[in-house]
Amino acid sequence: MMSKSGARTFVVGARGISRCFRLNCAQSSAGASPRQREGIQSRQLKEDELRPLYMDFQATTPMDPRVLDAMLPYQVNYYGNPHSRTHAYGWESEGAMEKARKQVSDLIGADPREIVFTSGATESNNMSIKGVSRFYKAKKKHVITTQTEHKCVLDSCRILEAEGFEVTYLPVKSNGIIDLQQLEETVRPDTSLVSIMTVNNEIGVKQPIKEIGRICRAKNVFFHTDAAQAIGKIPINVSDLKVDLMSISGHKIYGPKGVGALYVRRRPRVRIEPLQSGGGQERGLRSGTVPTPLVVGLGAACQIAQQEMEYDHGRVSELANRLVQRIMSDVPYVILNGDAEQRYPGCINLSFAYVEGESLLMALKDVALSSGSACTSASLEPSYVLRAIGTDEDLAHSSIRFGIGRFTTEEEVDYTAEKCIQQVKRLREMSPLWEMVQEGIDLKNIQWTQH
């Protein structure tokens, strides 16, 4: 039997400084500012300090230089309002805007008239979920989504619940993929919308979008998908997939930040109640002046992605396999979160047993990565996505997301793998729990008692 104080010693030893921080954070969070309560403090790089390697391509991507080249003329020379119809300045910008609209539509096999420019995928998701639900609320007040959606989708659904809608949050299987039979059984006569993301931003799993689209079309329910992590990375054709609404983000495909798009099907027609009022731009669905330089950048990014998708996907797959195999061959007790096959290879979420995720992130300060664990003052819980797939809390707290993209090099992958292996071994050597595991003790069977 172990004493309570002994148990605490082991837990702190296993999880390191970040676990200690979480315990202190829970006691003192009430009076601390959000910045003070963060596990990893932001700071300015010193003058002679090198920037870390970038391995966080799910958070954002660097702009492709070719995208910037396309944008610059519309930042400086062609600055007309694209909605000014009485002079050449407006006509030039309008022509560029419509060209960009076609570039976006070509990438997903849509009609240019079905593309609505927005500020990004968050706005597109809000427009889809709230807009469709509110338009059809007289007859249909039920929405279906999953427990692993992006926060903006889940929060939009909570807003609808406050307005009297009923929302079903479907669970996912341990591999992160939904049960299609359960989806089919959940659809009701008053279901207006199903919203399920294409590729998960945290664990990279791909949902069976084509089968979901078939179910929704057969039951006369609109289908929205958040494709921010999928557009330009995997082939998508909205007609084949029977998608009615699709959210797109510019900065996830090497384009500019602050711009995105929403695909809204024309036949069969999808009706949306606009979120904002104004001049009626974008077919009245999204009022406000379209930012010509940004949409030109989005269009260029889509065109480049369409041309280079096959090459990019092959190269990202090779680098991802290289990283995973290198780490897993050298470090035991490493788990790949999410389905091993149905996934986008550039998003790798690994859990390192007996290592705290934030401790590992701090040790890997020369590589820009993200942790699947959200150690904030509001919640000491691990990622809701990892909880949804049934990951143990300790493993969820030990997860790291590696993002690989167009500009990642072999040298960066090898360096990241080596540093990760080195730091995981170092942190485990500091852990009494790791020592017990090495001795063959099953930690789950230890009975902790209080004296």
# chains A, B, ... in the order shown; residues from 1 in each chain; ligands from 1
call {"tool": "residues_around", "arguments": {"residues": "stretch 117-128 of chain A", "least_positions_apart": "6", "cutoff": "7 Å", "atoms": "only C-alpha atoms", "output": "list of chain:residue names"}}
result
A:Cys152, A:Val153, A:Ser156, A:His224, A:Asp226, A:Ala228, A:Leu245, A:Ser247, A:Ile248, A:Ser249, A:Gly250, A:Gly258, A:Val259, A:Gly260, A:Ala261, A:Leu262, A:Pro274, A:Leu275
call {"tool": "residues_around", "arguments": {"residues": "stretch 93-96 of chain A", "least_positions_apart": "3", "cutoff": "7 Å", "atoms": "only C-alpha atoms", "output": "JSON, numbers by chain"}}
result
{"A": [78, 80, 81, 82, 83, 89, 90, 99, 100, 292, 296]}
call {"tool": "atom_distance", "arguments": {"atom1": "atom CA of A:Gln44", "atom2": "atom CA of A:Thr61"}}
result
20.8 Å
call {"tool": "atom_distance", "arguments": {"atom1": "atom CA of A:Thr409", "atom2": "atom CA of A:Tyr54"}}
result
10.3 Å
call {"tool": "closest_residue", "arguments": {"among": "A:Ala227, A:Val143, A:Ile234, A:Leu160", "to": "A:Tyr311", "atoms": "only C-alpha atoms"}}
result
A:Ile234
call {"tool": "select_by_dssp", "arguments": {"residues": "stretch 72-136 of chain A", "states": "strand (DSSP E)", "output": "PDB file with C-alpha atoms, in the first residue's frame"}}
result
ATOM      1  CA  ILE A 115     -18.916  30.042 -53.548  1.00  0.00           C
ATOM      2  CA  VAL A 116     -19.463  32.709 -50.878  1.00  0.00           C
ATOM      3  CA  PHE A 117     -16.374  34.520 -49.601  1.00  0.00           C
ATOM      4  CA  THR A 118     -16.081  34.827 -45.807  1.00  0.00           C
TER       5      THR A 118
END
call {"tool": "atom_distance", "arguments": {"atom1": "atom CA of A:Leu72", "atom2": "atom CA of A:Arg286"}}
result
24.9 Å
call {"tool": "select_by_dssp", "arguments": {"residues": "stretch 28-178 of chain A", "states": "helix (DSSP H, G or I)", "output": "ChimeraX atom specification"}}
result
/A:28-31,65-76,88-108,112-114,121-135,151-162
call {"tool": "residues_around", "arguments": {"residues": "stretch 64-67 of chain A", "least_positions_apart": "2", "cutoff": "10 Å", "atoms": "only C-alpha atoms", "output": "PDB file with N, CA, C and O atoms, in the first residue's frame"}}
result
ATOM      1  N   THR A  61      -0.538  27.658 -41.783  1.00  0.00           N
ATOM      2  CA  THR A  61       0.537  27.346 -42.718  1.00  0.00           C
ATOM      3  C   THR A  61       1.213  28.638 -43.163  1.00  0.00           C
ATOM      4  O   THR A  61       0.571  29.685 -43.215  1.00  0.00           O
ATOM      5  N   PRO A  62       2.503  28.574 -43.481  1.00  0.00           N
ATOM      6  CA  PRO A  62       3.156  29.763 -44.046  1.00  0.00           C
ATOM      7  C   PRO A  62       2.585  30.063 -45.424  1.00  0.00           C
ATOM      8  O   PRO A  62       2.190  29.150 -46.156  1.00  0.00           O
ATOM      9  N   ASP A  69       2.799  36.771 -54.460  1.00  0.00           N
ATOM     10  CA  ASP A  69       3.003  37.414 -55.772  1.00  0.00           C
ATOM     11  C   ASP A  69       1.667  37.761 -56.420  1.00  0.00           C
ATOM     12  O   ASP A  69       1.532  38.823 -57.054  1.00  0.00           O
ATOM     13  N   ALA A  70       0.687  36.873 -56.288  1.00  0.00           N
ATOM     14  CA  ALA A  70      -0.630  37.127 -56.883  1.00  0.00           C
ATOM     15  C   ALA A  70      -1.356  38.253 -56.157  1.00  0.00           C
ATOM     16  O   ALA A  70      -2.102  39.031 -56.772  1.00  0.00           O
ATOM     17  N   MET A  71      -1.135  38.382 -54.854  1.00  0.00           N
ATOM     18  CA  MET A  71      -1.853  39.362 -54.053  1.00  0.00           C
ATOM     19  C   MET A  71      -1.314  40.786 -54.191  1.00  0.00           C
ATOM     20  O   MET A  71      -2.091  41.755 -54.143  1.00  0.00           O
ATOM     21  N   LEU A  72       0.001  40.920 -54.319  1.00  0.00           N
ATOM     22  CA  LEU A  72       0.629  42.243 -54.213  1.00  0.00           C
ATOM     23  C   LEU A  72       0.048  43.306 -55.146  1.00  0.00           C
ATOM     24  O   LEU A  72      -0.172  44.446 -54.713  1.00  0.00           O
ATOM     25  N   ILE A 253      -4.244  26.440 -46.215  1.00  0.00           N
ATOM     26  CA  ILE A 253      -3.758  25.919 -47.505  1.00  0.00           C
ATOM     27  C   ILE A 253      -2.715  26.868 -48.100  1.00  0.00           C
ATOM     28  O   ILE A 253      -2.655  27.043 -49.305  1.00  0.00           O
ATOM     29  N   TYR A 254      -1.885  27.472 -47.213  1.00  0.00           N
ATOM     30  CA  TYR A 254      -0.763  28.320 -47.641  1.00  0.00           C
ATOM     31  C   TYR A 254      -1.239  29.623 -48.276  1.00  0.00           C
ATOM     32  O   TYR A 254      -0.544  30.223 -49.079  1.00  0.00           O
ATOM     33  N   GLY A 255      -2.439  30.048 -47.874  1.00  0.00           N
ATOM     34  CA  GLY A 255      -2.979  31.327 -48.319  1.00  0.00           C
ATOM     35  C   GLY A 255      -2.965  32.329 -47.181  1.00  0.00           C
ATOM     36  O   GLY A 255      -2.418  32.076 -46.100  1.00  0.00           O
ATOM     37  N   PRO A 256      -3.573  33.494 -47.386  1.00  0.00           N
ATOM     38  CA  PRO A 256      -3.576  34.534 -46.351  1.00  0.00           C
ATOM     39  C   PRO A 256      -4.553  34.228 -45.219  1.00  0.00           C
ATOM     40  O   PRO A 256      -5.521  33.486 -45.391  1.00  0.00           O
ATOM     41  N   LEU A 294      -7.187  39.595 -50.440  1.00  0.00           N
ATOM     42  CA  LEU A 294      -7.283  38.337 -49.696  1.00  0.00           C
ATOM     43  C   LEU A 294      -7.938  37.233 -50.520  1.00  0.00           C
ATOM     44  O   LEU A 294      -7.474  36.079 -50.519  1.00  0.00           O
ATOM     45  N   VAL A 296      -8.037  37.065 -53.757  1.00  0.00           N
ATOM     46  CA  VAL A 296      -7.076  36.719 -54.813  1.00  0.00           C
ATOM     47  C   VAL A 296      -6.059  35.721 -54.267  1.00  0.00           C
ATOM     48  O   VAL A 296      -5.696  34.742 -54.929  1.00  0.00           O
ATOM     49  N   GLY A 297      -5.592  35.959 -53.022  1.00  0.00           N
ATOM     50  CA  GLY A 297      -4.664  35.026 -52.395  1.00  0.00           C
ATOM     51  C   GLY A 297      -5.281  33.668 -52.163  1.00  0.00           C
ATOM     52  O   GLY A 297      -4.645  32.630 -52.395  1.00  0.00           O
ATOM     53  N   LEU A 298      -6.549  33.649 -51.727  1.00  0.00           N
ATOM     54  CA  LEU A 298      -7.245  32.377 -51.532  1.00  0.00           C
ATOM     55  C   LEU A 298      -7.384  31.631 -52.849  1.00  0.00           C
ATOM     56  O   LEU A 298      -7.143  30.411 -52.920  1.00  0.00           O
ATOM     57  N   GLY A 299      -7.745  32.348 -53.909  1.00  0.00           N
ATOM     58  CA  GLY A 299      -7.875  31.714 -55.218  1.00  0.00           C
ATOM     59  C   GLY A 299      -6.561  31.134 -55.709  1.00  0.00           C
ATOM     60  O   GLY A 299      -6.509  29.998 -56.208  1.00  0.00           O
ATOM     61  N   ALA A 300      -5.478  31.898 -55.553  1.00  0.00           N
ATOM     62  CA  ALA A 300      -4.162  31.412 -55.976  1.00  0.00           C
ATOM     63  C   ALA A 300      -3.750  30.186 -55.174  1.00  0.00           C
ATOM     64  O   ALA A 300      -3.204  29.221 -55.722  1.00  0.00           O
ATOM     65  N   ALA A 301      -4.025  30.209 -53.854  1.00  0.00           N
ATOM     66  CA  ALA A 301      -3.685  29.063 -53.007  1.00  0.00           C
ATOM     67  C   ALA A 301      -4.448  27.817 -53.446  1.00  0.00           C
ATOM     68  O   ALA A 301      -3.899  26.708 -53.467  1.00  0.00           O
ATOM     69  N   CYS A 302      -5.723  27.989 -53.810  1.00  0.00           N
ATOM     70  CA  CYS A 302      -6.527  26.853 -54.273  1.00  0.00           C
ATOM     71  C   CYS A 302      -6.005  26.303 -55.599  1.00  0.00           C
ATOM     72  O   CYS A 302      -5.951  25.082 -55.804  1.00  0.00           O
ATOM     73  N   GLN A 303      -5.630  27.207 -56.493  1.00  0.00           N
ATOM     74  CA  GLN A 303      -5.108  26.770 -57.794  1.00  0.00           C
ATOM     75  C   GLN A 303      -3.803  26.003 -57.630  1.00  0.00           C
ATOM     76  O   GLN A 303      -3.599  24.945 -58.243  1.00  0.00           O
ATOM     77  N   ILE A 304      -2.906  26.516 -56.790  1.00  0.00           N
ATOM     78  CA  ILE A 304      -1.632  25.832 -56.544  1.00  0.00           C
ATOM     79  C   ILE A 304      -1.887  24.475 -55.895  1.00  0.00           C
ATOM     80  O   ILE A 304      -1.263  23.468 -56.254  1.00  0.00           O
ATOM     81  N   ARG A 406       3.791  21.346 -46.761  1.00  0.00           N
ATOM     82  CA  ARG A 406       4.456  21.516 -48.057  1.00  0.00           C
ATOM     83  C   ARG A 406       5.933  21.877 -47.931  1.00  0.00           C
ATOM     84  O   ARG A 406       6.762  21.458 -48.733  1.00  0.00           O
ATOM     85  N   PHE A 407       6.272  22.674 -46.922  1.00  0.00           N
ATOM     86  CA  PHE A 407       7.638  23.181 -46.819  1.00  0.00           C
ATOM     87  C   PHE A 407       8.480  22.452 -45.779  1.00  0.00           C
ATOM     88  O   PHE A 407       9.603  22.855 -45.503  1.00  0.00           O
TER      89      PHE A 407
END
call {"tool": "residues_around", "arguments": {"residues": "A:Arg315", "least_positions_apart": "2", "cutoff": "10 Å", "atoms": "only C-alpha atoms", "output": "number ranges by chain"}}
result
A: 309-313, 317-320, 345-346, 404-406, 408-410
call {"tool": "residues_around", "arguments": {"residues": "A:Val194", "least_positions_apart": "2", "cutoff": "9 Å", "atoms": "only C-alpha atoms", "output": "PyMOL selection string"}}
result
chain A and resi 129+143-145+187+191-192+196+212+216+221-225
call {"tool": "closest_residue", "arguments": {"among": "A:Arg401, A:Asp330, A:Gly314, A:Trp434", "to": "A:Val355", "atoms": "only C-alpha atoms"}}
result
A:Trp434
call {"tool": "residues_around", "arguments": {"residues": "A:Arg428", "least_positions_apart": "2", "cutoff": "9 Å", "atoms": "only C-alpha atoms", "output": "list in words"}}
result
Ala14, Arg15, Ala353, Tyr354, Val355, Gln423, Val424, Lys425, Arg426, Met430, Ser431, Pro432, Leu433, Trp434 and Glu435 of chain A
call {"tool": "closest_residue", "arguments": {"among": "A:His150, A:Gly280, A:Val76, A:Lys365", "to": "A:Arg43", "atoms": "only C-alpha atoms"}}
result
A:Lys365
call {"tool": "residues_around", "arguments": {"residues": "A:Lys206", "least_positions_apart": "4", "cutoff": "10 Å", "atoms": "only C-alpha atoms", "output": "PyMOL selection string"}}
result
chain A and resi 176-178+197-200+229-230+234+338-339+341-344
